[in-house]
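Data block for target.cif (mmCIF, C-alpha atoms):
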data_run
#
loop_
_atom_site.label_atom_id
_atom_site.label_comp_id
_atom_site.auth_asym_id
_atom_site.auth_seq_id
_atom_site.Cartn_x
_atom_site.Cartn_y
_atom_site.Cartn_z
CA MET A 67 79.75 120.18 34.97
CA SER A 68 76.39 118.88 33.78
CA ASP A 69 74.96 120.65 30.76
CA SER A 70 71.42 120.45 32.18
CA VAL A 71 69.60 120.91 35.48
CA ALA A 72 66.82 118.64 36.71
CA MET A 73 63.79 119.83 38.67
CA THR A 74 60.34 118.62 39.55
CA LEU A 75 57.31 120.37 38.07
CA ALA A 76 56.56 121.82 41.50
CA GLU A 77 60.10 123.19 41.73
CA ALA A 78 59.81 124.67 38.23
CA ASP A 79 56.54 126.35 39.20
CA ALA A 80 57.99 127.72 42.44
CA LEU A 81 61.05 129.06 40.61
CA ALA A 82 58.92 130.75 37.95
CA ARG A 83 56.66 132.38 40.55
CA LYS A 84 59.63 133.54 42.60
CA VAL A 85 61.24 135.21 39.59
CA LEU A 86 58.01 136.82 38.41
CA GLU A 87 56.95 138.09 41.82
CA GLY A 88 60.49 139.26 42.48
CA ARG A 89 60.27 141.35 39.32
CA GLY A 90 57.13 142.98 40.67
CA LEU A 91 54.39 140.92 39.04
CA ALA A 92 51.28 140.63 41.21
CA PRO A 93 50.83 137.13 42.73
CA ASP A 94 47.67 136.28 40.77
CA HIS A 95 49.37 137.21 37.49
CA ALA A 96 52.57 135.40 38.50
CA ALA A 97 50.66 132.20 39.25
CA ALA A 98 48.82 132.26 35.92
CA VAL A 99 51.96 133.05 33.91
CA ALA A 100 53.99 130.40 35.74
CA ARG A 101 51.36 127.75 34.98
CA THR A 102 51.69 128.46 31.27
CA MET A 103 55.49 128.36 31.32
CA VAL A 104 55.65 125.14 33.32
CA ALA A 105 53.07 123.55 31.00
CA GLY A 106 55.28 124.40 28.03
CA GLU A 107 58.37 122.94 29.70
CA ARG A 108 56.43 119.86 30.85
CA ASP A 109 55.18 119.19 27.32
CA GLY A 110 58.63 119.43 25.74
CA CYS A 111 58.03 122.86 24.19
CA ALA A 112 61.32 124.42 25.29
CA SER A 113 60.82 127.66 23.35
CA HIS A 114 57.62 128.24 25.37
CA GLY A 115 58.91 126.88 28.68
CA LEU A 116 61.04 128.39 31.43
CA TYR A 117 63.08 130.22 28.79
CA ARG A 118 60.12 132.58 28.66
CA LEU A 119 61.01 133.81 32.15
CA LEU A 120 63.78 135.82 30.50
CA VAL A 121 61.27 137.23 28.03
CA ALA A 122 58.67 138.06 30.68
CA ALA A 123 61.23 139.63 33.01
CA ASN A 124 62.43 141.86 30.19
CA SER A 125 58.86 142.99 29.41
CA ILE A 126 58.23 143.80 33.08
CA GLU A 127 61.53 145.62 33.53
CA ARG A 128 61.02 147.77 30.43
CA GLY A 129 57.51 148.82 31.42
CA VAL A 130 55.74 146.95 28.63
CA VAL A 131 53.53 145.10 31.14
CA VAL A 132 51.27 146.57 33.81
CA PRO A 133 52.34 144.22 36.64
CA ASP A 134 49.25 144.63 38.84
CA ALA A 135 46.58 145.05 36.14
CA VAL A 136 43.05 144.10 37.15
CA PRO A 137 41.19 142.49 34.20
CA VAL A 138 37.65 143.72 33.52
CA VAL A 139 35.11 141.22 32.14
CA SER A 140 32.16 142.44 30.07
CA GLU A 141 29.48 141.02 27.75
CA PRO A 142 29.13 143.04 24.53
CA ALA A 143 26.48 140.61 23.21
CA ALA A 144 24.64 137.48 24.28
CA ALA A 145 27.25 135.02 22.97
CA LEU A 146 30.29 137.27 23.36
CA VAL A 147 32.72 137.87 26.21
CA ARG A 148 35.29 140.65 26.34
CA VAL A 149 38.09 140.95 28.86
CA ASP A 150 40.09 144.16 29.02
CA GLY A 151 43.45 143.07 30.34
CA LYS A 152 44.43 146.65 31.24
CA GLY A 153 47.93 146.08 29.92
CA GLY A 154 48.78 142.93 31.87
CA PHE A 155 49.90 139.53 30.63
CA ALA A 156 47.18 137.57 28.80
CA GLN A 157 47.06 134.52 31.08
CA LEU A 158 45.03 135.97 33.96
CA PRO A 159 42.51 137.76 31.69
CA PHE A 160 41.91 134.46 29.89
CA GLU A 161 41.35 132.65 33.19
CA ARG A 162 38.91 135.36 34.29
CA GLY A 163 36.91 135.15 31.05
CA LEU A 164 36.97 131.36 30.63
CA PRO A 165 34.02 130.38 32.89
CA LEU A 166 31.68 132.83 31.16
CA LEU A 167 32.88 131.71 27.72
CA ILE A 168 32.13 128.08 28.61
CA GLU A 169 28.72 129.01 29.99
CA LYS A 170 27.78 130.96 26.85
CA ALA A 171 29.04 128.22 24.51
CA ARG A 172 26.83 125.69 26.30
CA THR A 173 23.88 128.06 26.21
CA PHE A 174 24.12 129.20 22.58
CA GLY A 175 26.15 126.40 20.97
CA ILE A 176 28.94 128.79 19.98
CA ALA A 177 30.53 131.75 21.76
CA ALA A 178 33.61 133.94 21.44
CA LEU A 179 36.01 135.62 23.83
CA ALA A 180 38.01 138.72 22.94
CA LEU A 181 41.04 139.50 25.08
CA ASN A 182 41.99 143.15 24.64
CA ASN A 183 44.93 145.23 25.78
CA VAL A 184 47.07 142.28 26.86
CA VAL A 185 50.72 141.34 26.53
CA HIS A 186 51.20 137.93 24.91
CA PHE A 187 54.34 135.78 24.94
CA ALA A 188 52.99 132.23 25.07
CA ALA A 189 51.70 129.42 22.90
CA LEU A 190 47.93 129.16 22.39
CA TRP A 191 47.39 125.46 23.05
CA PRO A 192 46.75 125.96 26.81
CA GLU A 193 43.70 128.06 25.92
CA VAL A 194 42.13 125.54 23.56
CA GLU A 195 43.04 122.63 25.85
CA ALA A 196 41.12 124.38 28.64
CA LEU A 197 38.10 124.35 26.32
CA THR A 198 38.49 120.69 25.39
CA ASP A 199 38.65 119.87 29.12
CA ALA A 200 35.12 121.30 29.24
CA GLY A 201 34.02 119.15 26.28
CA LEU A 202 34.13 122.05 23.82
CA VAL A 203 35.83 122.54 20.47
CA GLY A 204 38.20 125.51 20.59
CA LEU A 205 39.97 127.88 18.22
CA ALA A 206 42.39 130.63 19.21
CA PHE A 207 44.27 133.32 17.27
CA THR A 208 46.60 136.18 18.16
CA PRO A 209 48.91 138.52 16.22
CA SER A 210 52.29 139.51 17.65
CA HIS A 211 55.00 141.99 16.61
CA ALA A 212 55.70 142.62 12.91
CA TRP A 213 58.55 140.14 12.51
CA VAL A 214 57.40 138.19 9.44
CA ALA A 215 57.54 139.13 5.76
CA PRO A 216 54.62 138.28 3.45
CA GLU A 217 55.37 135.73 0.76
CA GLY A 218 57.06 137.54 -2.11
CA GLY A 219 58.41 140.28 0.16
CA THR A 220 61.33 140.61 2.55
CA LYS A 221 60.13 143.29 4.98
CA PRO A 222 58.13 142.50 8.15
CA VAL A 223 54.36 143.00 8.10
CA PHE A 224 52.90 140.05 10.01
CA GLY A 225 53.50 138.62 13.42
CA THR A 226 54.22 134.94 13.95
CA ASN A 227 50.40 134.83 14.23
CA PRO A 228 49.72 131.41 15.76
CA ILE A 229 46.55 129.39 15.27
CA ALA A 230 45.41 126.73 17.74
CA PHE A 231 42.60 124.18 17.50
CA GLY A 232 41.28 121.72 20.04
CA TRP A 233 38.83 118.80 19.70
CA PRO A 234 37.67 116.82 22.77
CA ARG A 235 38.06 113.06 22.58
CA PRO A 236 36.14 110.73 24.88
CA GLY A 237 38.43 108.70 27.09
CA GLY A 238 41.70 110.12 25.80
CA HIS A 239 43.82 113.18 25.23
CA PRO A 240 42.16 115.85 23.10
CA PHE A 241 43.31 116.50 19.56
CA VAL A 242 45.15 119.81 19.90
CA PHE A 243 47.46 121.55 17.49
CA ASP A 244 49.11 124.93 17.74
CA PHE A 245 51.41 126.37 15.12
CA ALA A 246 52.77 129.71 14.07
CA THR A 247 51.99 130.87 10.56
CA SER A 248 55.67 131.77 10.33
CA ALA A 249 58.09 129.09 9.18
CA VAL A 250 59.13 128.57 12.80
CA ALA A 251 58.42 130.10 16.19
CA ARG A 252 60.54 133.15 16.94
CA GLY A 253 61.58 131.59 20.22
CA GLU A 254 63.08 128.67 18.30
CA ILE A 255 65.34 131.06 16.39
CA GLU A 256 66.32 132.71 19.67
CA LEU A 257 67.20 129.32 21.18
CA HIS A 258 69.44 128.63 18.18
CA ARG A 259 71.13 132.00 18.72
CA ARG A 260 71.71 131.23 22.41
CA ALA A 261 73.18 127.82 21.51
CA GLY A 262 75.44 129.25 18.78
CA LYS A 263 73.72 127.17 16.09
CA THR A 264 72.88 128.12 12.52
CA ILE A 265 69.33 127.94 11.15
CA PRO A 266 67.94 126.73 7.80
CA PRO A 267 68.05 129.47 5.13
CA GLU A 268 64.30 129.13 4.50
CA TRP A 269 63.50 130.46 7.98
CA GLY A 270 64.14 134.10 7.16
CA TYR A 271 66.01 137.05 5.69
CA ASP A 272 68.68 139.39 6.97
CA SER A 273 68.04 143.14 7.07
CA GLU A 274 69.13 143.42 3.43
CA GLY A 275 66.49 140.90 2.32
CA HIS A 276 68.88 137.99 1.71
CA PRO A 277 68.18 134.45 3.01
CA SER A 278 70.39 133.83 6.04
CA ILE A 279 71.51 130.97 8.27
CA ASP A 280 72.55 133.41 11.04
CA PRO A 281 69.79 133.49 13.69
CA LYS A 282 70.69 136.99 14.87
CA ALA A 283 70.58 138.31 11.31
CA VAL A 284 67.09 136.88 10.86
CA LEU A 285 65.95 138.18 14.25
CA ASP A 286 67.12 141.61 13.10
CA GLY A 287 65.66 141.14 9.61
CA ALA A 288 62.48 139.24 8.75
CA MET A 289 61.13 135.75 9.28
CA ARG A 290 59.28 133.88 6.52
CA THR A 291 55.81 132.36 6.51
CA PHE A 292 55.40 128.59 6.34
CA GLY A 293 54.06 127.09 3.14
CA GLY A 294 54.68 130.19 1.01
CA HIS A 295 51.54 132.05 0.02
CA LYS A 296 49.30 129.73 2.08
CA GLY A 297 50.99 130.68 5.34
CA SER A 298 50.96 134.29 4.23
CA ALA A 299 47.19 134.18 3.71
CA LEU A 300 46.62 132.60 7.11
CA ALA A 301 48.84 135.22 8.74
CA ALA A 302 46.76 137.97 7.12
CA MET A 303 43.59 136.29 8.40
CA VAL A 304 44.92 136.26 11.96
CA GLU A 305 45.85 139.94 11.70
CA LEU A 306 42.26 140.75 10.74
CA ILE A 307 40.22 138.57 13.10
CA ALA A 308 42.41 139.07 16.18
CA GLY A 309 43.18 142.73 15.42
CA PRO A 310 40.61 145.06 13.83
CA LEU A 311 37.70 142.62 14.31
CA ILE A 312 38.04 142.80 18.11
CA GLY A 313 39.22 146.41 18.20
CA ASP A 314 42.85 145.67 18.89
CA MET A 315 46.28 146.09 17.34
CA THR A 316 47.81 144.61 14.23
CA SER A 317 51.35 143.31 14.53
CA ALA A 318 52.74 146.48 12.94
CA GLU A 319 50.79 148.61 15.44
CA SER A 320 52.05 146.43 18.30
CA MET A 321 55.62 146.95 17.14
CA ALA A 322 55.09 150.71 17.02
CA ALA A 323 53.52 150.72 20.50
CA ASP A 324 56.55 148.87 21.86
CA GLU A 325 58.64 151.97 21.07
CA GLY A 326 61.88 150.03 20.82
CA ARG A 327 61.66 148.44 24.26
CA MET A 328 62.00 144.95 22.75
CA GLY A 329 59.14 143.65 24.88
CA SER A 330 56.53 140.99 24.16
CA PRO A 331 53.69 141.77 21.73
CA ILE A 332 50.87 144.06 22.85
CA GLY A 333 47.35 143.56 21.55
CA GLY A 334 44.53 141.05 21.57
CA GLU A 335 43.45 137.45 21.18
CA LEU A 336 40.28 135.87 19.80
CA VAL A 337 39.05 132.58 21.27
CA ILE A 338 36.06 130.71 19.82
CA ALA A 339 34.30 127.94 21.73
CA ILE A 340 31.84 125.50 20.12
CA ASP A 341 29.68 123.01 21.98
CA PRO A 342 29.19 119.90 19.79
CA ALA A 343 25.94 119.16 21.61
CA GLY A 344 24.64 122.55 20.54
CA PHE A 345 24.67 121.37 16.93
CA LEU A 346 24.06 117.67 17.42
CA GLY A 347 21.83 117.30 20.47
CA ALA A 348 21.21 113.71 21.50
CA SER A 349 23.30 112.36 18.61
CA VAL A 350 26.50 114.04 19.79
CA GLU A 351 28.16 110.81 20.97
CA ASP A 352 27.49 109.09 17.64
CA HIS A 353 29.13 111.89 15.69
CA LEU A 354 32.09 112.17 18.03
CA GLY A 355 32.53 108.45 17.41
CA ARG A 356 32.74 109.13 13.69
CA ALA A 357 35.56 111.54 14.42
CA GLU A 358 37.35 108.76 16.30
CA ALA A 359 37.22 106.63 13.16
CA MET A 360 39.17 109.33 11.34
CA PHE A 361 41.80 109.49 14.10
CA GLU A 362 42.16 105.71 14.00
CA ALA A 363 42.60 105.81 10.22
CA ILE A 364 45.52 108.20 10.76
CA THR A 365 47.27 106.42 13.61
CA GLY A 366 46.45 102.96 12.27
CA GLN A 367 48.86 103.44 9.37
CA GLY A 368 51.67 104.66 11.63
CA ALA A 369 51.10 108.39 11.14
CA ARG A 370 51.32 110.69 14.16
CA LEU A 371 48.52 112.99 15.19
CA PRO A 372 49.66 116.61 15.54
CA GLY A 373 50.16 117.35 19.23
CA ALA A 374 50.76 113.71 20.18
CA ARG A 375 54.44 114.40 20.95
CA ARG A 376 53.41 116.79 23.71
CA TYR A 377 51.44 114.09 25.51
CA VAL A 378 54.39 111.71 25.42
CA ALA A 379 56.62 114.42 26.88
CA ARG A 380 53.93 115.27 29.45
CA ALA A 381 53.77 111.71 30.76
CA GLN A 382 57.55 111.59 31.08
CA SER A 383 57.69 114.96 32.84
CA ASP A 384 54.89 114.03 35.22
CA ALA A 385 56.92 110.98 36.24
CA GLN A 386 60.48 112.30 36.08
CA GLY A 387 60.32 116.09 36.16
CA VAL A 388 62.05 118.27 33.57
CA ARG A 389 65.58 119.19 32.61
CA ILE A 390 66.59 122.62 31.35
CA PRO A 391 69.93 123.73 29.89
CA ALA A 392 72.42 124.67 32.60
CA GLN A 393 73.08 128.04 30.97
CA LEU A 394 69.38 128.85 31.00
CA HIS A 395 69.23 127.89 34.67
CA ARG A 396 72.16 130.21 35.39
CA ASP A 397 70.45 133.02 33.49
CA ILE A 398 67.25 132.50 35.50
CA LEU A 399 69.16 132.50 38.78
CA ALA A 400 70.88 135.70 37.67
CA LEU A 401 67.44 137.32 37.51
CA LEU A 402 66.97 136.41 41.17
CA GLU A 403 70.43 137.70 42.06
CA GLY A 404 69.59 140.97 40.34
CA GLU A 405 66.50 141.27 42.54
CA MET A 406 68.54 140.66 45.67
CA ALA A 407 71.41 142.99 44.72
#
Reformat the file's structure so that it appears as structure tokens.
Amino acid sequence: MSDSVAMTLAEADALARKVLEGRGLAPDHAAAVARTMVAGERDGCASHGLYRLLVAANSIERGVVVPDAVPVVSEPAAALVRVDGKGGFAQLPFERGLPLLIEKARTFGIAALALNNVVHFAALWPEVEALTDAGLVGLAFTPSHAWVAPEGGTKPVFGTNPIAFGWPRPGGHPFVFDFATSAVARGEIELHRRAGKTIPPEWGYDSEGHPSIDPKAVLDGAMRTFGGHKGSALAAMVELIAGPLIGDMTSAESMAADEGRMGSPIGGELVIAIDPAGFLGASVEDHLGRAEAMFEAITGQGARLPGARRYVARAQSDAQGVRIPAQLHRDILALLEGEMA
């Protein structure tokens, strides 16, 4: 028996939509969520790919997500957009707010989008890549559940609190990075648990505060920040600017609101869009060219630009489709069987 299952990107998208709609998610939400999952799988980000169907299905089943939520777009100020997700997944609210965010960034040079009252399970790079596709520089931040201990402590306070940045590049893929402020994504630890593998001891602590190589012990205990106090400071920043600043939850508040359902994080996301032409005017192309000189200085000595691996995986997936672990495929099919039972 093969240990993996091959499928085209269209087949992966159809499978994701079928599972999500079968669990009761409204078609517009299911389409937006499926696009994000397939993009993760396509780009070689397995912890944010079709594996997330299991995560999303759990959140729907346990009542964490409002499956037919209708996002409401508003404008609290000239350069600001707010979308109240009404308790649904974050993908559709982002899509509903994106055109107005782009319009405001081009009008004022810089604009921000606050997503409120959403459920978030995904990476942030799709959001900033959508901005770079429009020729804008993008930043995105979101807290999660309180899974991560501050540097010097062993009890959870922060979420994995990712940060994403995107820079448009003429004639090529944008420069996009996305990383958690934790030592590793929580989904990566979960994939190790599913595969029966140990993890490095610097990834987290067990419930007694001891470093552990057991993924389940760390999932039940506390993850660590990356880079010691530097990651801890960045995590605190994300808590503030994507929590209280936009009137939404901190990771600890999200965990409390979950009420033990073990669903995806509940809260908000802050997205900032900057139009280079708003600052630079007619000289924008010259200054973007100066940025290209920096990229060439990096790659010219054999160093890899952050995010470049995703584009290599994307090209391969576009040509050959994707492969997912056979056990994951069985688990996804079991979700469908549960719907038909």
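Minimum atom-to-atom distance to Gly355 (chain A), evaluated using only C-alpha atoms, belongs to A:Pro236 out of A:Pro236, A:Gly115, A:Gly218, A:Pro142.
Using all atoms listed in the file for every distance, the candidate list A:Val131, A:Leu311, A:Val337, A:Ile398 yields A:Val131 as the residue closest to Gly154 (chain A).
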Would you translate the PyMOL selection byres ((chain A and resi 288) around 12) into the concrete set of residues it matches in this file, as a PyMOL selection string?
chain A and resi 211-217+219-226+248-250+252+255+267-278+280-287+289-291
Can you turn the PyMOL selection byres ((chain A and resi 89) around 10) into a concrete residue list for this file, as number ranges by chain?
A: 83-88, 90-92, 96, 122-124, 126-127, 133, 401-402, 404-405
Residue IDs satisfying the PyMOL selection byres ((chain A and resi 74) around 10), as a ChimeraX atom specification:
/A:72-73,75-80,108,383-389
Would you please work out which residue, of A:Glu107, A:Glu335, A:Asp69, A:Glu403, is nearest to Ala178 (chain A) when using all atoms listed in the file?
A:Glu335
Considering only C-alpha atoms, return as a PyMOL selection string whatever protein or nucleic-acid residues lie within 10 Å of Phe160 (chain A), sequence-local ones (same chain, fewer than 3 positions apart) excluded.
chain A and resi 98+137+139+148-151+155-157+163-165+167+179-181+184+193+335+337
Surrounding residues of Val71 (chain A) excluding itself and chain neighbours under 3 positions, 8 Å, all atoms listed in the file, as a PyMOL selection string
chain A and resi 68+389-392+395
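Among the candidates A:Val138, A:Ile229, A:Ala144, A:Ala112, the residue lying nearest to Gly253 (chain A) is A:Ala112 (atoms considered: all atoms listed in the file).
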Across A:Phe345, A:Phe187, A:Phe243, A:Phe231, the smallest distance to Val99 (chain A), with all atoms listed in the file counted, is shown by A:Phe187
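Interatomic distance, CA of Ala322 (chain A) to CA of Arg128 (chain A): 15.0 Å.
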Starting from the incomplete input, reconstruct all heavy atoms of region 81-92 of chain A and report them as a short mmCIF file (atom, residue, chain, number, x, y, z; two decimals), keeping the file's coordinate frame.
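Below is the file result_24.cif, written as the result:
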data_model
loop_
_atom_site.label_atom_id
_atom_site.label_comp_id
_atom_site.auth_asym_id
_atom_site.auth_seq_id
_atom_site.Cartn_x
_atom_site.Cartn_y
_atom_site.Cartn_z
N LEU A 81 60.00 128.20 41.14
CA LEU A 81 61.05 129.06 40.61
C LEU A 81 60.46 130.15 39.72
O LEU A 81 60.82 131.33 39.84
CB LEU A 81 62.06 128.23 39.82
CG LEU A 81 63.17 129.00 39.11
CD1 LEU A 81 64.03 129.76 40.13
CD2 LEU A 81 64.04 128.05 38.28
N ALA A 82 59.53 129.77 38.85
CA ALA A 82 58.92 130.75 37.95
C ALA A 82 58.17 131.82 38.74
O ALA A 82 58.31 133.02 38.47
CB ALA A 82 57.97 130.04 36.98
N ARG A 83 57.39 131.40 39.74
CA ARG A 83 56.66 132.38 40.55
C ARG A 83 57.61 133.30 41.30
O ARG A 83 57.36 134.51 41.41
CB ARG A 83 55.74 131.66 41.54
CG ARG A 83 54.59 130.91 40.90
CD ARG A 83 53.62 130.43 41.96
NE ARG A 83 52.65 129.48 41.43
CZ ARG A 83 51.45 129.32 41.94
NH1 ARG A 83 51.04 130.05 42.96
NH2 ARG A 83 50.61 128.44 41.41
N LYS A 84 58.68 132.74 41.83
CA LYS A 84 59.63 133.54 42.60
C LYS A 84 60.26 134.62 41.73
O LYS A 84 60.39 135.78 42.13
CB LYS A 84 60.71 132.63 43.19
CG LYS A 84 61.67 133.36 44.14
CD LYS A 84 62.62 132.37 44.78
CE LYS A 84 63.55 133.07 45.78
NZ LYS A 84 64.49 132.11 46.41
N VAL A 85 60.65 134.24 40.51
CA VAL A 85 61.24 135.21 39.59
C VAL A 85 60.23 136.29 39.22
O VAL A 85 60.52 137.49 39.27
CB VAL A 85 61.76 134.50 38.31
CG1 VAL A 85 62.11 135.53 37.24
CG2 VAL A 85 62.98 133.65 38.64
N LEU A 86 59.02 135.87 38.88
CA LEU A 86 58.01 136.82 38.41
C LEU A 86 57.58 137.77 39.52
O LEU A 86 57.48 138.99 39.31
CB LEU A 86 56.81 136.06 37.86
CG LEU A 86 57.08 135.26 36.57
CD1 LEU A 86 55.95 134.27 36.31
CD2 LEU A 86 57.27 136.18 35.38
N GLU A 87 57.33 137.22 40.71
CA GLU A 87 56.95 138.09 41.82
C GLU A 87 58.11 138.99 42.23
O GLU A 87 57.91 140.16 42.60
CB GLU A 87 56.46 137.26 43.00
CG GLU A 87 55.12 136.58 42.74
CD GLU A 87 54.56 135.89 43.97
OE1 GLU A 87 54.88 136.33 45.10
OE2 GLU A 87 53.81 134.91 43.81
N GLY A 88 59.32 138.45 42.15
CA GLY A 88 60.49 139.26 42.48
C GLY A 88 60.68 140.42 41.54
O GLY A 88 61.24 141.47 41.91
N ARG A 89 60.21 140.26 40.30
CA ARG A 89 60.27 141.35 39.32
C ARG A 89 59.11 142.34 39.47
O ARG A 89 59.03 143.30 38.71
CB ARG A 89 60.27 140.77 37.91
CG ARG A 89 61.56 140.06 37.55
CD ARG A 89 62.62 141.04 37.11
NE ARG A 89 63.95 140.56 37.45
CZ ARG A 89 65.08 141.09 37.00
NH1 ARG A 89 65.02 142.13 36.20
NH2 ARG A 89 66.23 140.63 37.37
N GLY A 90 58.21 142.04 40.40
CA GLY A 90 57.13 142.98 40.67
C GLY A 90 55.78 142.56 40.14
O GLY A 90 54.81 143.32 40.27
N LEU A 91 55.67 141.37 39.56
CA LEU A 91 54.39 140.92 39.04
C LEU A 91 53.48 140.51 40.20
O LEU A 91 53.91 139.82 41.12
CB LEU A 91 54.60 139.73 38.09
CG LEU A 91 53.47 139.44 37.09
CD1 LEU A 91 53.23 140.60 36.14
CD2 LEU A 91 53.79 138.17 36.29
N ALA A 92 52.23 140.96 40.16
CA ALA A 92 51.28 140.63 41.21
C ALA A 92 51.12 139.11 41.32
O ALA A 92 51.20 138.40 40.32
CB ALA A 92 49.93 141.28 40.92
#
